[in-house]
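K.L.:
Sharing a structure, written as structure tokens. Questions coming.
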Amino acid sequence: MFGKKKLLEERIDAAVRAEFVGLLTELEESLRDYRWRSRRKEEARVELERAEAEERRVQLERIELKKRFWEAYYGEDETILHKIDLEYRSLERAMKKAERSLKRAHESFEKADFDEVAEGAALEEKADAAEEKVDLRIGALEQALEELLAEIWRDAKEISRAIRNECQKPHSETSEEEIAHRESA
């Protein structure tokens, strides 16, 4: 009996969970997607800030190199001018690389950017609607289960009463079939 009870509870558990699995899975998936997009946006923002800082650093280096160039030019120092020329070529490559990196970071951020507030609000509305739907469905299931259990309880009481009534009848009263059966024997 207890084994059947456990089995029945497991079947009820599985049936109730199956009722809500689609809705819960959809909500969890939406939340995972929102979190992933938020992380991706944050990573893109950090990369953009790093690229902007690198471009500023290279620009400052360029300004400093120009100052040194003009100092060497007016000081007519040919050896420093030659070194500055080599540094400038290296700095040009670094500037192009920083500009490309900044452009890629802007593109990446534009792709990852989304209105977190609006999408968060939409996700909250979706969660609220799902919660309301679950509440309604659970209420309906509770009512149906209460009605079913009450009906089973009434049926069990009725059958128990019928059995008690039948067993309390005196055995002296015999039906016509029992009398016919005894006479034929």
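Residues are referred to by chain and number: the chain letter is A, B, ... according to the order shown in the structure tokens, the number counts from 1 in that chain, and ligands are numbered separately from 1 in the order shown.
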Show which residues sit within 12 Å of Lys111 of chain A, as a ChimeraX atom specification. Count only C-alpha atoms, and ignore same-chain residues fewer than 2 positions away.
P.N.:
/A:37,40-45,104-109,113-115
K.L.:
List the spatial neighbours of segment 129-135 of chain A as a compact mmCIF listing (two decimals) with N, CA and C atoms, in the first residue's frame - criterion: any atom at most 10 Å away, only C-alpha atoms, same-chain residues fewer than 5 positions off excluded.
P.N.:
```txt
# COMPACT_ATOMS: atom_id res chain seq x y z
N GLU A 19 2.86 20.35 -16.15
CA GLU A 19 1.90 21.41 -16.45
C GLU A 19 2.59 22.77 -16.59
N PHE A 20 3.69 22.97 -15.84
CA PHE A 20 4.34 24.28 -15.79
C PHE A 20 5.73 24.31 -16.42
N LEU A 23 6.42 26.93 -19.38
CA LEU A 23 6.41 28.32 -18.93
C LEU A 23 7.67 28.66 -18.15
N LEU A 24 8.05 27.78 -17.22
CA LEU A 24 9.24 28.03 -16.40
C LEU A 24 10.51 28.00 -17.25
N GLU A 26 10.78 28.75 -20.42
CA GLU A 26 10.80 29.98 -21.22
C GLU A 26 11.29 31.18 -20.39
N LEU A 27 10.81 31.28 -19.17
CA LEU A 27 11.25 32.38 -18.30
C LEU A 27 12.74 32.27 -17.97
N LEU A 123 10.88 42.15 -19.46
CA LEU A 123 11.10 40.85 -18.83
C LEU A 123 10.32 40.74 -17.51
N GLU A 124 10.28 41.84 -16.76
CA GLU A 124 9.49 41.85 -15.52
C GLU A 124 8.02 41.66 -15.81
N ALA A 140 -6.84 26.52 -9.89
CA ALA A 140 -7.76 25.59 -10.56
C ALA A 140 -7.42 24.14 -10.20
N LEU A 141 -6.11 23.84 -10.16
CA LEU A 141 -5.70 22.48 -9.81
C LEU A 141 -6.06 22.16 -8.36
```
K.L.:
Quick one: residues within 9 Å of Val58 of chain A, only C-alpha atoms counted, chain neighbours fewer than 2 positions away excluded, as number ranges by chain?
P.N.:
A: 53-56, 60-63, 91, 94-95, 98
K.L.:
Could you please determine the separation between atom CA of Val16 of chain A and atom CA of Glu151 of chain A in Å, to one decimal place?
P.N.:
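One can read the atom CA of Val16 of chain A to atom CA of Glu151 of chain A distance as 20.4 Å.
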K.L.:
Separation of atom CA of Leu102 of chain A and atom CA of Ala51 of chain A, in Å?
P.N.:
5.0 Å
K.L.:
Of the candidates A:Ala112, A:Leu148, A:Ala162, A:Ala121, which shows the shortest atom-to-atom distance to Arg39 of chain A, using only C-alpha atoms?
P.N.:
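Ranked by minimum distance to Arg39 of chain A, first place goes to A:Ala112.
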